[in-house]
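Asker: Here's a structure for you.
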Amino acid sequence: MAHGFLLFLLFSYIISINIHACNQIERCSLLSFASTLSSPLLNWTSLDCCHWKGITCDQDDWVTHLLLPSKGLKGGISPSSLRNLRHLTHLNLSHNSLYGSLETQFLLSLNHLEILDLSYNHLYGELPLSLPSSKIRIVDLSSNHFFGAIPSSFFQQASNLISFNVSNNTFTGYVPSSICLHYSPFVRLLDFSSNQFGGNLALGLGECSKLQVFRAGHNNLSGLLPKDIYNATKLEEISLSINSLRGAISDKIVNLTNLKILDLSLNQLSGKLPLNLGKLSKLKFLTVDFNNLEGTIPTSLMNCTNLVELCLGVNNFEGDISMLNFSRLSQLTKLDLRYNNFTGMFPVSLYSCRYLKAIALTRNHLEGQIQIEILSLKFLSFLTLGYNRFTNLTGTMKILMSCKSLHTLSLDGSFVGEGMPFDDGMVDFDGFQNLRVLNMAGTNLTGEIPVWLSKLKNLEILILAFNQITGPIPSWLGNLPRLFFINLSNNRISGEFPKQLCRLPRLVYEPIASQVDRYEFELNVFGSITTNLNFQPHKLSCFPATIDLSNNNIVGDIPAEIGQLHLLRQLALYSNNFSGVIPDQISNLQNLEVLDLSMNHFSGRIPLSLVSLTFLRQFNVSYNNLGGPIPTSTQIQTFNTSAFEGNLKLCGAPLPNMCGSNTGIDEDDTNNKDLDNERHQLPWFYIFTALGFIVGFGGVCGSLVVNETWRYIYFRFIDNVQDRLYVVVTMPINTMKRRLRG
């Protein structure tokens, strides 16, 4: 009885497996799909594909979900292998390494598809003529290599589409802004950013009554903002940065009362900000920097109490910002007003914005002093005050040294003509304890480099260029454990290049993976660390390891220890009084990209070893006393003639004066190494001459002294030679005399 019951259970189990197993045609299709791919995470071996990883079936055992995001799939996608999955509703193969194109027949066969996510792969080609069916709701093809225009018929069946994302591809043509007008009135997200779309934005977005997010930044769009965009009142985000849009921001923007993000940066917009901008009470991010906007900041903007980031930099705004009540912006974390024409004092009301992390006020017309109340900003990590008319540098530094969160401090071009803060007690044991970047360039500061800088153990970038700093470069600079970027150019620094500077740990030792610096600035650093507005790094790692001592009065040789700085990428020593030879050890700097030694007093040859510097993109040794041939068949010869001019004894391409058999360099101008070799060779010449004389004299005369027989034969030979010479010479002379007498 018991055995019969067990057999019954076993039979029932087998029947249930067969009943609930997945369709064999679909199973074969999935295996065919997997056979073209490589993945360590797939283990599709069981009979029932409904239990495979990433597969979901409905109650009738039809495959409805194929979800394999971030599974390490590699290989060519085979659309034909998935055509038999006719009940598929969700297809997600995102964040893999798939390549291939989308075929129209493939999409049309998936007529139940609702969600299609193929983002972050290597797919390419043009889009098919149409989306599969009216059931499609979400399409994400972002971060691939699709190109061409989006076909006008693509959305023809997509009446239920709510999200469409094709960002980060290379699509061209016009943005299909009429999508809501004809096909998909319920769409909520449209993302066309980071492509090559061009032309004007056509009308039609105003018909998107459900549209919440519209992104088309980083394209080639031009013209005016479409007027009907202000009718899409559900919009929460408009991101159109990095285009060529022009015209003014319409007052109708206040209709978008749900707007949280407005990013119109890096365009050509003009005019004033709408006076009633403060009606956008939900606004969190307002970014309109890098435009041609003008006028004053509307006082109503202070009603946007949810503002988190306010970026108005690089425009033509004006007005007294100390009159604005920033204290109402209690959520504000970032304020960027750089490169405008603002006047007044540092806004005292900013001290009430407790969550502020970044304040950028560079290049305005602000004045006054920084107050101690700034210490109430406990999270402040980024502060740039450059090129204003602030005063009392020492007092400012004594206050800011207690900002324990401060990472970036740029005071360049402010506090003009004041002396370098020298109070030894200014920085105590924990002052500026987290400071990574200090920029005090262009302020005409006087005095020497102060010792208190040696206490900044986290300092990574130090810029003191364009001042009146005197005295030598302190040796303790080489002891700062994280320093990798030094710019002391355009000062009156004297003395020699300190050998200790060749021991900077960050330039000598390759960091292990856990020590790689991934720090990101709260704001980009244009106009603070670099004056290049096209170079706007957010990461500290974007700055190359640099030593720039140019335009000073530094003398002496470049120390041979320079070769220890293996990670150095830029070395600028031009316009100084360096002398001696260019050391061979520079060839150890295999990461070097910039080497400028021009306008010094270097002599000797250009070391042949420099040919190993394969990353060099800038090289200049002009106006020195170098001579000899420029190393041939090397990258060095690819640089312009201006990189070598001003060296009268230098020859060879790319200079017009060719090298003859003589190298064109005097003995006094040769490298120290060559001179040393010659000094070692001169004694050997005299030694071998003396040995030759001794051997020759001893071999002949010594044998005559020792051997009596040889001595007899030798003198007899001499007598015979003498007799023969007498006969040969004397007899003709006597004969001639007799003839003359006759």
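Ordering of the structure tokens sets the chain letters (A, B, ...); residue numbers start at 1 within each chain; ligands are numbered from 1 in the order shown.
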If you run DSSP on the backbone here, which positions in range 193-249 of chain A get helix (DSSP H, G or I)? Please write them as a list in words.
Answerer: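 Answer for range 193-249 of chain A, restricted to helix (DSSP H, G or I): Leu205, Gly206, Glu207, Lys227, Asp228, Ile229, Tyr230 and Asn231 of chain A.
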Asker: Near Ser130 in chain A, counting only C-alpha atoms, which residues have an atom at most 12 Å away, once you skip same-chain residues fewer than 6 positions from it, shown as a list of chain:residue names?
Answerer: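 My reading of the contact set: A:Leu102, A:Glu103, A:Thr104, A:Gln105, A:Phe106, A:Leu107, A:Leu108, A:Ser109, A:Leu110, A:Asn111, A:Ile136, A:Ile150, A:Pro151, A:Ser152, A:Ser153, A:Phe154, A:Phe155, A:Gln156, A:Gln157, A:Ala158, A:Tyr183.
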Asker: Can you write out the residues you just picked, keeping N, CA and C atoms, as a PDB file, in the first residue's frame?
Answerer:
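After the write, out_13.pdb holds the following:
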```pdb
ATOM      1  N   LEU A 102      19.186  46.806 -34.337  1.00  0.00           N
ATOM      2  CA  LEU A 102      17.785  46.438 -34.139  1.00  0.00           C
ATOM      3  C   LEU A 102      17.118  46.280 -35.503  1.00  0.00           C
ATOM      4  N   GLU A 103      16.435  45.169 -35.689  1.00  0.00           N
ATOM      5  CA  GLU A 103      15.748  44.922 -36.949  1.00  0.00           C
ATOM      6  C   GLU A 103      14.263  45.220 -36.789  1.00  0.00           C
ATOM      7  N   THR A 104      13.679  45.786 -37.825  1.00  0.00           N
ATOM      8  CA  THR A 104      12.258  46.118 -37.785  1.00  0.00           C
ATOM      9  C   THR A 104      11.411  44.881 -37.543  1.00  0.00           C
ATOM     10  N   GLN A 105      11.718  43.782 -38.212  1.00  0.00           N
ATOM     11  CA  GLN A 105      10.933  42.563 -38.060  1.00  0.00           C
ATOM     12  C   GLN A 105      11.020  42.004 -36.651  1.00  0.00           C
ATOM     13  N   PHE A 106      12.163  42.182 -36.037  1.00  0.00           N
ATOM     14  CA  PHE A 106      12.325  41.714 -34.659  1.00  0.00           C
ATOM     15  C   PHE A 106      11.363  42.441 -33.730  1.00  0.00           C
ATOM     16  N   LEU A 107      11.322  43.765 -33.826  1.00  0.00           N
ATOM     17  CA  LEU A 107      10.436  44.524 -32.956  1.00  0.00           C
ATOM     18  C   LEU A 107       8.968  44.240 -33.255  1.00  0.00           C
ATOM     19  N   LEU A 108       8.640  44.131 -34.517  1.00  0.00           N
ATOM     20  CA  LEU A 108       7.250  43.898 -34.880  1.00  0.00           C
ATOM     21  C   LEU A 108       6.762  42.535 -34.402  1.00  0.00           C
ATOM     22  N   SER A 109       7.679  41.578 -34.275  1.00  0.00           N
ATOM     23  CA  SER A 109       7.279  40.251 -33.796  1.00  0.00           C
ATOM     24  C   SER A 109       6.945  40.259 -32.311  1.00  0.00           C
ATOM     25  N   LEU A 110       7.478  41.230 -31.572  1.00  0.00           N
ATOM     26  CA  LEU A 110       7.222  41.320 -30.132  1.00  0.00           C
ATOM     27  C   LEU A 110       6.033  42.247 -29.905  1.00  0.00           C
ATOM     28  N   ASN A 111       4.874  41.810 -30.353  1.00  0.00           N
ATOM     29  CA  ASN A 111       3.727  42.709 -30.355  1.00  0.00           C
ATOM     30  C   ASN A 111       3.028  42.824 -29.015  1.00  0.00           C
ATOM     31  N   ILE A 136       3.540  49.279 -26.026  1.00  0.00           N
ATOM     32  CA  ILE A 136       4.850  49.727 -25.547  1.00  0.00           C
ATOM     33  C   ILE A 136       4.696  50.968 -24.691  1.00  0.00           C
ATOM     34  N   ILE A 150      15.657  59.912 -36.290  1.00  0.00           N
ATOM     35  CA  ILE A 150      14.570  59.085 -35.782  1.00  0.00           C
ATOM     36  C   ILE A 150      13.453  59.115 -36.817  1.00  0.00           C
ATOM     37  N   PRO A 151      13.058  57.955 -37.359  1.00  0.00           N
ATOM     38  CA  PRO A 151      12.040  57.948 -38.427  1.00  0.00           C
ATOM     39  C   PRO A 151      10.735  58.596 -37.974  1.00  0.00           C
ATOM     40  N   SER A 152      10.100  59.294 -38.896  1.00  0.00           N
ATOM     41  CA  SER A 152       8.839  59.974 -38.570  1.00  0.00           C
ATOM     42  C   SER A 152       7.751  58.987 -38.189  1.00  0.00           C
ATOM     43  N   SER A 153       7.879  57.736 -38.645  1.00  0.00           N
ATOM     44  CA  SER A 153       6.868  56.718 -38.342  1.00  0.00           C
ATOM     45  C   SER A 153       7.186  55.922 -37.080  1.00  0.00           C
ATOM     46  N   PHE A 154       8.271  56.268 -36.402  1.00  0.00           N
ATOM     47  CA  PHE A 154       8.745  55.437 -35.297  1.00  0.00           C
ATOM     48  C   PHE A 154       7.708  55.339 -34.175  1.00  0.00           C
ATOM     49  N   PHE A 155       6.992  56.435 -33.911  1.00  0.00           N
ATOM     50  CA  PHE A 155       6.042  56.458 -32.795  1.00  0.00           C
ATOM     51  C   PHE A 155       4.604  56.184 -33.244  1.00  0.00           C
ATOM     52  N   GLN A 156       4.450  55.739 -34.466  1.00  0.00           N
ATOM     53  CA  GLN A 156       3.122  55.658 -35.060  1.00  0.00           C
ATOM     54  C   GLN A 156       2.174  54.776 -34.256  1.00  0.00           C
ATOM     55  N   GLN A 157       2.700  53.708 -33.660  1.00  0.00           N
ATOM     56  CA  GLN A 157       1.859  52.797 -32.896  1.00  0.00           C
ATOM     57  C   GLN A 157       2.004  52.979 -31.386  1.00  0.00           C
ATOM     58  N   ALA A 158       2.848  53.935 -30.975  1.00  0.00           N
ATOM     59  CA  ALA A 158       3.188  54.050 -29.555  1.00  0.00           C
ATOM     60  C   ALA A 158       2.227  54.976 -28.822  1.00  0.00           C
ATOM     61  N   TYR A 183       1.073  61.250 -31.755  1.00  0.00           N
ATOM     62  CA  TYR A 183       1.179  59.831 -31.428  1.00  0.00           C
ATOM     63  C   TYR A 183       1.007  59.508 -29.943  1.00  0.00           C
TER      64      TYR A 183
END
```
Asker: Got a sec: who's within 8 Å of Phe432 in chain A, counting only C-alpha atoms, leaving out chain neighbours fewer than 5 positions off, as a list in words?
Answerer: Leu400, Met401, Ser402, Cys403, Lys404, Leu406, Val427 and Leu456 of chain A
Asker: What are the closest atom pairs, with distances in Å to one decimal, for each residue of range 436-547 of chain A lying within 6 Å of range 556-573 of chain A, using only C-alpha atoms, rows by chain and rising residue number, as a tab-separated table?
Answerer:
```
residue	atom	partner	partner_atom	distance
A:Glu496	CA	A:Gly556	CA	5.6
A:Cys502	CA	A:Ile562	CA	5.4
A:Leu507	CA	A:Leu567	CA	4.8
A:Val508	CA	A:Leu565	CA	4.7
A:Ala545	CA	A:Leu568	CA	5.1
A:Thr546	CA	A:Gln570	CA	4.6
A:Ile547	CA	A:Leu571	CA	5.2
```
Asker: May I have the residues within 7 Å of range 27-38 of chain A as a PyMOL selection string, using only C-alpha atoms and disregarding those fewer than 5 positions away in the same chain?
Answerer: chain A and resi 22+49+73-76+78+81-82+84
Asker: Can you write out the residues you just picked, keeping C-alpha atoms, as an mmCIF file, in the first residue's frame?
Answerer:
```cif
data_model
loop_
_atom_site.group_PDB
_atom_site.id
_atom_site.type_symbol
_atom_site.label_atom_id
_atom_site.label_comp_id
_atom_site.auth_asym_id
_atom_site.auth_seq_id
_atom_site.Cartn_x
_atom_site.Cartn_y
_atom_site.Cartn_z
ATOM 1 C CA CYS A 22 7.899 26.108 -20.535
ATOM 2 C CA CYS A 49 13.118 27.515 -18.753
ATOM 3 C CA LEU A 73 26.667 39.444 -21.334
ATOM 4 C CA LYS A 74 29.110 39.800 -24.216
ATOM 5 C CA GLY A 75 28.615 39.193 -27.893
ATOM 6 C CA GLY A 76 26.336 39.921 -30.784
ATOM 7 C CA SER A 78 20.615 37.850 -32.337
ATOM 8 C CA SER A 81 16.472 34.096 -31.828
ATOM 9 C CA LEU A 82 13.977 36.106 -29.787
ATOM 10 C CA ASN A 84 9.491 33.358 -31.106
#
```
Asker: With only C-alpha atoms as the counted atoms, please give the residues lying no more than 8 Å from Leu225 in chain A, apart from itself and same-chain residues fewer than 5 positions off, as an NGL selection string.
Answerer: :A and (201 or 245-247 or 249)
Asker: Let me see the file: selected residues, C-alpha atoms, as a PDB file, in the first residue's frame.
Answerer:
```pdb
ATOM      1  CA  LEU A 201      12.847  72.866 -31.434  1.00  0.00           C
ATOM      2  CA  LEU A 245      19.666  78.501 -28.044  1.00  0.00           C
ATOM      3  CA  ARG A 246      19.120  82.246 -28.114  1.00  0.00           C
ATOM      4  CA  GLY A 247      16.570  84.800 -27.087  1.00  0.00           C
ATOM      5  CA  ILE A 249      13.482  83.408 -21.061  1.00  0.00           C
TER       6      ILE A 249
END
```
Asker: How far is it from CA of Asn303 in chain A to CA of Asp289 in chain A, in Å with one decimal?
Answerer: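 Interatomic distance, CA of Asn303 in chain A to CA of Asp289 in chain A: 20.3 Å.
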Asker: What does the distance from CA of Tyr623 in chain A to CA of Gly660 in chain A come to in Å, to one decimal?
Answerer: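 Computing the Euclidean distance for CA of Tyr623 in chain A and CA of Gly660 in chain A yields 21.9 Å.
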Asker: For a test of reading the model, state the distance in Å between CA of Val451 in chain A and CA of Pro421 in chain A, rounded to one decimal.
Answerer: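 For CA of Val451 in chain A relative to CA of Pro421 in chain A, the distance reads 9.9 Å.
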Asker: Could you pull the residues within 6 Å of range 226-230 of chain A, counting only C-alpha atoms, minus those fewer than 3 positions along the same chain, as a ChimeraX atom specification?
Answerer: /A:203,205-206,253
Asker: Go ahead and dump the residues you just picked, N, CA and C atoms, as a PDB file, in the first residue's frame.
Answerer:
```pdb
ATOM      1  N   LEU A 203       7.314  73.219 -32.591  1.00  0.00           N
ATOM      2  CA  LEU A 203       6.149  73.248 -31.718  1.00  0.00           C
ATOM      3  C   LEU A 203       5.610  71.833 -31.515  1.00  0.00           C
ATOM      4  N   LEU A 205       5.493  70.367 -28.040  1.00  0.00           N
ATOM      5  CA  LEU A 205       5.690  69.972 -26.648  1.00  0.00           C
ATOM      6  C   LEU A 205       4.553  70.456 -25.750  1.00  0.00           C
ATOM      7  N   GLY A 206       3.910  71.522 -26.157  1.00  0.00           N
ATOM      8  CA  GLY A 206       2.797  72.038 -25.374  1.00  0.00           C
ATOM      9  C   GLY A 206       1.620  71.091 -25.320  1.00  0.00           C
ATOM     10  N   ILE A 253       7.218  81.452 -18.235  1.00  0.00           N
ATOM     11  CA  ILE A 253       7.797  80.317 -17.531  1.00  0.00           C
ATOM     12  C   ILE A 253       7.173  80.145 -16.151  1.00  0.00           C
TER      13      ILE A 253
END
```
Asker: Within 7 Å of Val437 in chain A, counting only C-alpha atoms, which residues show up once you throw out same-chain ones fewer than 2 positions away? Write them as an MDAnalysis selection string, please.
Answerer: chainID A and resid 407:409 435 439 459:462
